[in-house]
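This is data-v2.pdb (PDB, C-alpha atoms).
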```pdb
ATOM      1  CA  MET A   4      97.375  63.872  27.590
ATOM      2  CA  ALA A   5      97.237  60.117  28.158
ATOM      3  CA  ALA A   6      93.536  60.404  28.998
ATOM      4  CA  ARG A   7      92.873  62.354  25.780
ATOM      5  CA  ARG A   8      94.726  59.719  23.706
ATOM      6  CA  LEU A   9      92.416  57.088  25.180
ATOM      7  CA  ARG A  10      89.335  59.162  24.367
ATOM      8  CA  GLU A  11      90.514  60.461  20.957
ATOM      9  CA  PRO A  12      91.876  57.708  18.633
ATOM     10  CA  GLU A  13      92.788  60.219  15.922
ATOM     11  CA  LEU A  14      95.016  62.174  18.327
ATOM     12  CA  ASP A  15      96.673  58.969  19.470
ATOM     13  CA  ALA A  16      97.387  57.936  15.875
ATOM     14  CA  THR A  17      98.921  61.333  15.069
ATOM     15  CA  ILE A  18     101.215  61.167  18.079
ATOM     16  CA  ARG A  19     102.348  57.658  17.197
ATOM     17  CA  ALA A  20     103.158  58.785  13.648
ATOM     18  CA  TRP A  21     105.332  61.651  14.842
ATOM     19  CA  GLU A  22     107.113  59.407  17.342
ATOM     20  CA  ALA A  23     107.957  57.021  14.521
ATOM     21  CA  ARG A  24     109.319  59.915  12.430
ATOM     22  CA  LEU A  25     111.463  61.396  15.220
ATOM     23  CA  SER A  26     112.840  58.196  16.767
ATOM     24  CA  PRO A  27     115.631  57.826  14.185
ATOM     25  CA  LEU A  28     116.863  61.305  15.096
ATOM     26  CA  ALA A  29     117.040  60.344  18.776
ATOM     27  CA  GLU A  30     118.984  57.194  17.974
ATOM     28  CA  ALA A  31     121.374  59.114  15.759
ATOM     29  CA  THR A  32     122.172  61.694  18.417
ATOM     30  CA  PRO A  33     125.116  60.637  20.656
ATOM     31  CA  PRO A  34     124.587  60.753  24.419
ATOM     32  CA  ILE A  35     125.821  63.962  26.069
ATOM     33  CA  ALA A  36     127.145  63.893  29.633
ATOM     34  CA  PRO A  37     125.812  66.703  31.909
ATOM     35  CA  PRO A  38     128.287  69.408  33.023
ATOM     36  CA  GLY A  39     130.260  68.709  36.198
ATOM     37  CA  ASP A  40     128.717  71.652  38.036
ATOM     38  CA  PHE A  41     125.177  70.778  37.021
ATOM     39  CA  LEU A  42     124.318  68.957  40.276
ATOM     40  CA  PRO A  43     125.756  71.691  42.580
ATOM     41  CA  ALA A  44     123.843  74.256  40.552
ATOM     42  CA  ILE A  45     120.630  72.309  41.070
ATOM     43  CA  GLU A  46     121.302  72.011  44.805
ATOM     44  CA  ALA A  47     122.013  75.752  45.013
ATOM     45  CA  ARG A  48     118.722  76.497  43.283
ATOM     46  CA  ILE A  49     116.938  74.139  45.708
ATOM     47  CA  ARG A  50     118.488  75.949  48.679
ATOM     48  CA  ALA A  51     117.523  79.302  47.203
ATOM     49  CA  THR A  52     113.976  78.063  46.748
ATOM     50  CA  ALA A  53     113.857  76.758  50.335
ATOM     51  CA  ALA A  54     115.217  80.026  51.788
ATOM     52  CA  PRO A  55     111.888  81.935  51.921
ATOM     53  CA  PRO A  56     110.343  79.616  54.502
ATOM     54  CA  ALA A  57     113.386  80.261  56.720
ATOM     55  CA  SER A  58     112.862  83.982  56.204
ATOM     56  CA  ASP A  59     109.199  83.510  57.017
ATOM     57  CA  GLY A  60     110.231  81.764  60.216
ATOM     58  CA  VAL A  61     112.537  84.630  61.120
ATOM     59  CA  ALA A  62     109.764  87.121  60.413
ATOM     60  CA  ALA A  63     107.355  85.128  62.568
ATOM     61  CA  LEU A  64     109.929  85.008  65.346
ATOM     62  CA  GLN A  65     110.440  88.760  65.071
ATOM     63  CA  LYS A  66     106.683  89.338  65.290
ATOM     64  CA  ARG A  67     106.496  87.080  68.328
ATOM     65  CA  LEU A  68     109.413  88.917  69.916
ATOM     66  CA  SER A  69     107.638  92.222  69.273
ATOM     67  CA  ARG A  70     104.531  90.889  70.990
ATOM     68  CA  TRP A  71     106.622  89.747  73.947
ATOM     69  CA  ARG A  72     108.236  93.168  74.153
ATOM     70  CA  ALA A  73     104.828  94.866  74.014
ATOM     71  CA  ALA A  74     103.540  92.550  76.740
ATOM     72  CA  ALA A  75     106.606  93.304  78.854
ATOM     73  CA  VAL A  76     106.061  97.046  78.420
ATOM     74  CA  GLY A  77     102.395  96.620  79.346
ATOM     75  CA  ALA A  78     103.265  94.589  82.424
ATOM     76  CA  THR A  79     105.814  97.214  83.432
ATOM     77  CA  GLY A  80     103.142  99.897  83.092
ATOM     78  CA  ILE A  81     100.706  97.936  85.225
ATOM     79  CA  ALA A  82     103.375  97.335  87.857
ATOM     80  CA  ALA A  83     104.213 101.033  87.879
ATOM     81  CA  ALA A  84     100.546 101.960  88.288
ATOM     82  CA  LEU A  85     100.194  99.507  91.173
ATOM     83  CA  ALA A  86     103.346 100.872  92.777
ATOM     84  CA  ILE A  87     102.048 104.428  92.465
ATOM     85  CA  GLY A  88      98.719 103.380  93.980
ATOM     86  CA  PHE A  89     100.490 101.624  96.832
ATOM     87  CA  VAL A  90     102.707 104.640  97.547
ATOM     88  CA  ALA A  91      99.701 106.964  97.396
ATOM     89  CA  ARG A  92      97.793 104.742  99.796
ATOM     90  CA  GLU A  93     100.711 104.564 102.203
ATOM     91  CA  ALA A  94     101.188 108.325 101.968
ATOM     92  CA  THR A  95      97.504 108.808 102.745
ATOM     93  CA  ARG A  96      97.858 106.552 105.757
ATOM     94  CA  ALA A  97     100.912 108.488 106.888
ATOM     95  CA  VAL A  98      99.050 111.803 106.903
ATOM     96  CA  ALA A  99      95.732 110.461 108.215
ATOM     97  CA  PRO A 100      94.827 112.350 111.395
ATOM     98  CA  LYS A 101      95.151 110.465 114.644
ATOM     99  CA  GLU A 102      94.275 113.243 117.081
ATOM    100  CA  PHE A 103      90.572 114.002 117.525
ATOM    101  CA  VAL A 104      88.586 116.208 119.861
ATOM    102  CA  ALA A 105      84.945 116.375 120.898
ATOM    103  CA  ILE A 106      83.293 119.347 122.561
ATOM    104  CA  LEU A 107      80.834 117.936 125.076
ATOM    105  CA  GLN A 108      78.089 120.483 125.464
ATOM    106  CA  LYS A 109      74.399 121.077 125.953
ATOM    107  CA  SER A 110      74.289 123.714 123.239
ATOM    108  CA  ALA A 111      76.778 125.510 120.999
ATOM    109  CA  ASP A 112      77.177 128.351 123.506
ATOM    110  CA  SER A 113      77.662 126.208 126.586
ATOM    111  CA  PRO A 114      80.655 123.845 126.241
ATOM    112  CA  ALA A 115      81.159 121.830 129.411
ATOM    113  CA  PHE A 116      84.078 119.461 128.637
ATOM    114  CA  VAL A 117      86.529 118.867 125.797
ATOM    115  CA  ALA A 118      87.585 115.282 125.147
ATOM    116  CA  SER A 119      90.827 114.575 123.262
ATOM    117  CA  ILE A 120      91.475 111.121 121.817
ATOM    118  CA  ASN A 121      94.518 109.635 120.124
ATOM    119  CA  LEU A 122      93.217 106.958 117.759
ATOM    120  CA  ASP A 123      96.536 105.134 117.663
ATOM    121  CA  THR A 124      96.900 104.695 121.420
ATOM    122  CA  ARG A 125      93.185 105.099 122.318
ATOM    123  CA  GLU A 126      94.377 107.524 125.001
ATOM    124  CA  LEU A 127      91.522 109.660 126.337
ATOM    125  CA  THR A 128      91.949 113.059 127.948
ATOM    126  CA  VAL A 129      88.967 115.038 129.278
ATOM    127  CA  ARG A 130      89.351 118.663 130.354
ATOM    128  CA  PRO A 131      86.596 120.616 132.105
ATOM    129  CA  LEU A 132      85.542 123.901 130.541
ATOM    130  CA  ALA A 133      82.384 125.215 132.159
ATOM    131  CA  ALA A 134      80.710 122.199 133.723
ATOM    132  CA  PRO A 135      78.939 123.282 136.909
ATOM    133  CA  PRO A 136      79.843 121.252 140.030
ATOM    134  CA  GLN A 137      77.303 118.663 141.116
ATOM    135  CA  ALA A 138      77.150 118.322 144.908
ATOM    136  CA  GLY A 139      76.985 114.678 145.910
ATOM    137  CA  LYS A 140      76.947 113.650 142.263
ATOM    138  CA  SER A 141      79.479 112.634 139.624
ATOM    139  CA  TYR A 142      79.768 113.201 135.911
ATOM    140  CA  GLU A 143      80.169 109.983 133.943
ATOM    141  CA  LEU A 144      81.303 109.675 130.332
ATOM    142  CA  TRP A 145      79.703 107.232 127.887
ATOM    143  CA  ILE A 146      80.472 105.982 124.400
ATOM    144  CA  ILE A 147      77.396 105.470 122.215
ATOM    145  CA  GLU A 148      77.578 103.588 118.930
ATOM    146  CA  PRO A 149      74.906 101.338 117.343
ATOM    147  CA  LYS A 150      77.389  98.485 116.888
ATOM    148  CA  LEU A 151      77.991  98.439 120.629
ATOM    149  CA  GLY A 152      74.338  98.202 121.553
ATOM    150  CA  ALA A 153      73.639  99.977 124.855
ATOM    151  CA  PRO A 154      75.821 102.928 125.934
ATOM    152  CA  ARG A 155      79.077 101.860 127.563
ATOM    153  CA  SER A 156      80.699 103.674 130.433
ATOM    154  CA  LEU A 157      84.126 105.270 130.080
ATOM    155  CA  GLY A 158      84.220 106.090 133.730
ATOM    156  CA  VAL A 159      83.742 109.090 135.981
ATOM    157  CA  ILE A 160      85.266 112.406 134.878
ATOM    158  CA  ASP A 161      86.308 115.263 137.140
ATOM    159  CA  ALA A 162      84.592 118.638 136.799
ATOM    160  CA  ALA A 163      87.562 120.426 138.369
ATOM    161  CA  SER A 164      90.659 118.731 136.889
ATOM    162  CA  VAL A 165      91.905 116.820 133.859
ATOM    163  CA  THR A 166      90.998 113.147 133.541
ATOM    164  CA  ARG A 167      93.370 110.880 131.567
ATOM    165  CA  GLY A 168      93.569 107.195 130.760
ATOM    166  CA  ALA A 169      93.573 104.524 128.057
ATOM    167  CA  ARG A 170      89.873 103.972 128.546
ATOM    168  CA  LEU A 171      89.258 103.211 124.872
ATOM    169  CA  ALA A 172      91.969 100.561 124.514
ATOM    170  CA  GLY A 173      89.478  97.748 123.963
ATOM    171  CA  TYR A 174      87.529  99.492 121.213
ATOM    172  CA  ASP A 175      87.955  99.347 117.460
ATOM    173  CA  ARG A 176      89.458 102.458 115.857
ATOM    174  CA  ALA A 177      86.474 103.028 113.549
ATOM    175  CA  ILE A 178      84.011 102.739 116.427
ATOM    176  CA  VAL A 179      86.010 105.207 118.520
ATOM    177  CA  GLN A 180      86.091 107.665 115.635
ATOM    178  CA  ASP A 181      82.391 107.408 114.668
ATOM    179  CA  ALA A 182      80.850 107.186 118.135
ATOM    180  CA  THR A 183      78.897 109.814 120.041
ATOM    181  CA  TYR A 184      80.241 110.758 123.472
ATOM    182  CA  ALA A 185      77.815 111.706 126.214
ATOM    183  CA  VAL A 186      77.968 112.809 129.837
ATOM    184  CA  THR A 187      75.340 111.992 132.435
ATOM    185  CA  VAL A 188      74.915 113.011 136.049
ATOM    186  CA  GLU A 189      75.215 109.929 138.256
ATOM    187  CA  PRO A 190      75.299 109.116 141.955
ATOM    188  CA  GLU A 191      78.670 109.907 143.479
ATOM    189  CA  GLY A 192      81.234 107.429 142.207
ATOM    190  CA  GLY A 193      79.300 106.620 139.031
ATOM    191  CA  SER A 194      76.361 104.553 137.871
ATOM    192  CA  PRO A 195      75.709 101.649 140.248
ATOM    193  CA  ASP A 196      74.485  99.279 137.543
ATOM    194  CA  GLY A 197      76.631 100.243 134.528
ATOM    195  CA  LYS A 198      73.713 101.988 132.846
ATOM    196  CA  PRO A 199      72.969 105.712 132.504
ATOM    197  CA  SER A 200      70.700 106.869 135.327
ATOM    198  CA  GLY A 201      69.182 109.605 133.177
ATOM    199  CA  PRO A 202      69.438 111.352 129.819
ATOM    200  CA  PRO A 203      72.737 112.906 128.758
ATOM    201  CA  VAL A 204      73.386 116.478 129.870
ATOM    202  CA  PHE A 205      76.310 117.000 127.434
ATOM    203  CA  VAL A 206      77.023 115.310 124.096
ATOM    204  CA  GLY A 207      79.574 115.645 121.300
ATOM    205  CA  LYS A 208      81.186 113.991 118.254
ATOM    206  CA  LEU A 209      84.854 113.696 117.391
ATOM    207  CA  VAL A 210      86.424 115.958 114.801
ATOM    208  CA  PRO A 211      90.027 115.650 113.556
ATOM    209  CA  VAL A 212      92.683 118.041 114.769
ATOM    210  CA  GLU A 213      94.452 119.585 111.785
ATOM    211  CA  PRO A 214      98.226 118.934 111.806
TER
END
```

Spit out the file's structure as structure tokens when you get a sec.
Amino acid sequence: MAARRLREPELDATIRAWEARLSPLAEATPPIAPPGDFLPAIEARIRATAAPPASDGVAALQKRLSRWRAAAVGATGIAAALAIGFVAREATRAVAPKEFVAILQKSADSPAFVASINLDTRELTVRPLAAPPQAGKSYELWIIEPKLGAPRSLGVIDAASVTRGARLAGYDRAIVQDATYAVTVEPEGGSPDGKPSGPPVFVGKLVPVEP
């Protein structure tokens, strides 16, 4: 309004005229003291006006609490899933076969030896089935696996009795399980140079023994 009075002289003159007319009425009116409860009423209205922000803060806190609860539920779900996976893995380990056998043979209808291996202890047991005796010769068992390089001797095996021993103790479990086992005919007492003297006469792979 002050800006309009500066721009519009006629408006300013009209306002001044009315002020001059009404000023005697203002002077004639006695002053009136405000009611005693006027200030508390104003303060109450101020508090009522300021209350919504507090409510907004409570609402925001409730939303944040809801998010925290949702995050906690999600974390609990993840932890439960991990626990289930861990239990399943441990259960799988518990039932994983440890006993394996290999039929050492020239063909499917001519098994010569059966080798039994415990993967936990690396204990090796070889039993003769139908291996013909070799006069002046010995049967020698070999483990063949690409990671090992050349075939490695597991020692001489008897064609007439059971051969036992922890001959695989120094080998990794996976290598023992995946390897091919072969038997060669060697000079009596075994290969003199730690290498097969000829091609294998019997071969076989491990298969798990069902519990």

> So how many Å separate atom CA of A:Ile146 and atom CA of A:Thr166, to one decimal?
Replying inline: 15.7 Å

> Could you spell out the hits of the PyMOL selection byres ((chain A and resi 190-201) around 8) on the shown file, as a ChimeraX atom specification?
Replying inline: /A:139-143,154-156,158-159,187-189,202-203

>> Please report the interatomic distance between atom CA of A:Val179 and atom CA of A:Val165 in Å with one decimal.
In response: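 For atom CA of A:Val179 relative to atom CA of A:Val165, the distance reads 20.1 Å.
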
> Which distance in Å separates atom CA of A:Arg125 and atom CA of A:Pro149, to one decimal?
Replying inline: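 Distance reported for this atom pair: 19.3 Å.
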
> So which one's closest to A:Ile18, A:Leu107, A:Ile45, A:Ala5, A:Ala177? Using only C-alpha atoms, please.
Replying inline: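 Closest to A:Ile18 of all the choices is A:Ala5.
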
> For A:Val206, which of A:Leu171, A:Ala153, A:Ala111, A:Leu132 is the closest residue, counting all atoms listed in the file?
Replying inline: A:Ala111

> Which residues, written as a PyMOL selection string, have at least one atom at most 7 Å from A:Thr183, with only C-alpha atoms counted and residues fewer than 6 positions away on the same chain left out?
Replying inline: chain A and resi 146-148+207-208

> On this structure, which residues satisfy the PyMOL selection byres ((chain A and resi 129) around 10), written as an NGL selection string?
Replying inline: :A and (104-107 or 116-120 or 127-128 or 130-132 or 144 or 160-162 or 164-168)

>> I need the residue nearest A:Val212 from this list: A:Ala115, A:Ala44, A:Leu122, A:Ala16. Use only C-alpha atoms for the distance.
In response: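 Closest candidate: A:Leu122.
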
> From the list A:Ala134, A:Asp15, A:Lys109, A:Glu126, which residue is nearest A:Ala172 when using all atoms listed in the file?
Replying inline: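 The shortest atom-to-atom distance to A:Ala172 comes from A:Glu126.
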
> So, counting only C-alpha atoms, which residue among A:Thr124, A:Ser113, A:Thr17, A:Gln108 is closest to A:Arg176?
Replying inline: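 Answer, going by the shortest atom-to-atom distance: A:Thr124.
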
> Which residues match the PyMOL selection byres ((chain A and resi 211) around 7) in the file above, as a PyMOL selection string?
Replying inline: chain A and resi 100+102-104+209-210+212-213

> With all atoms listed in the file as the atoms that count, which of A:Pro114, A:Pro12, A:Glu46, A:Ala182 lies nearest to A:Val204?
Replying inline: A:Pro114
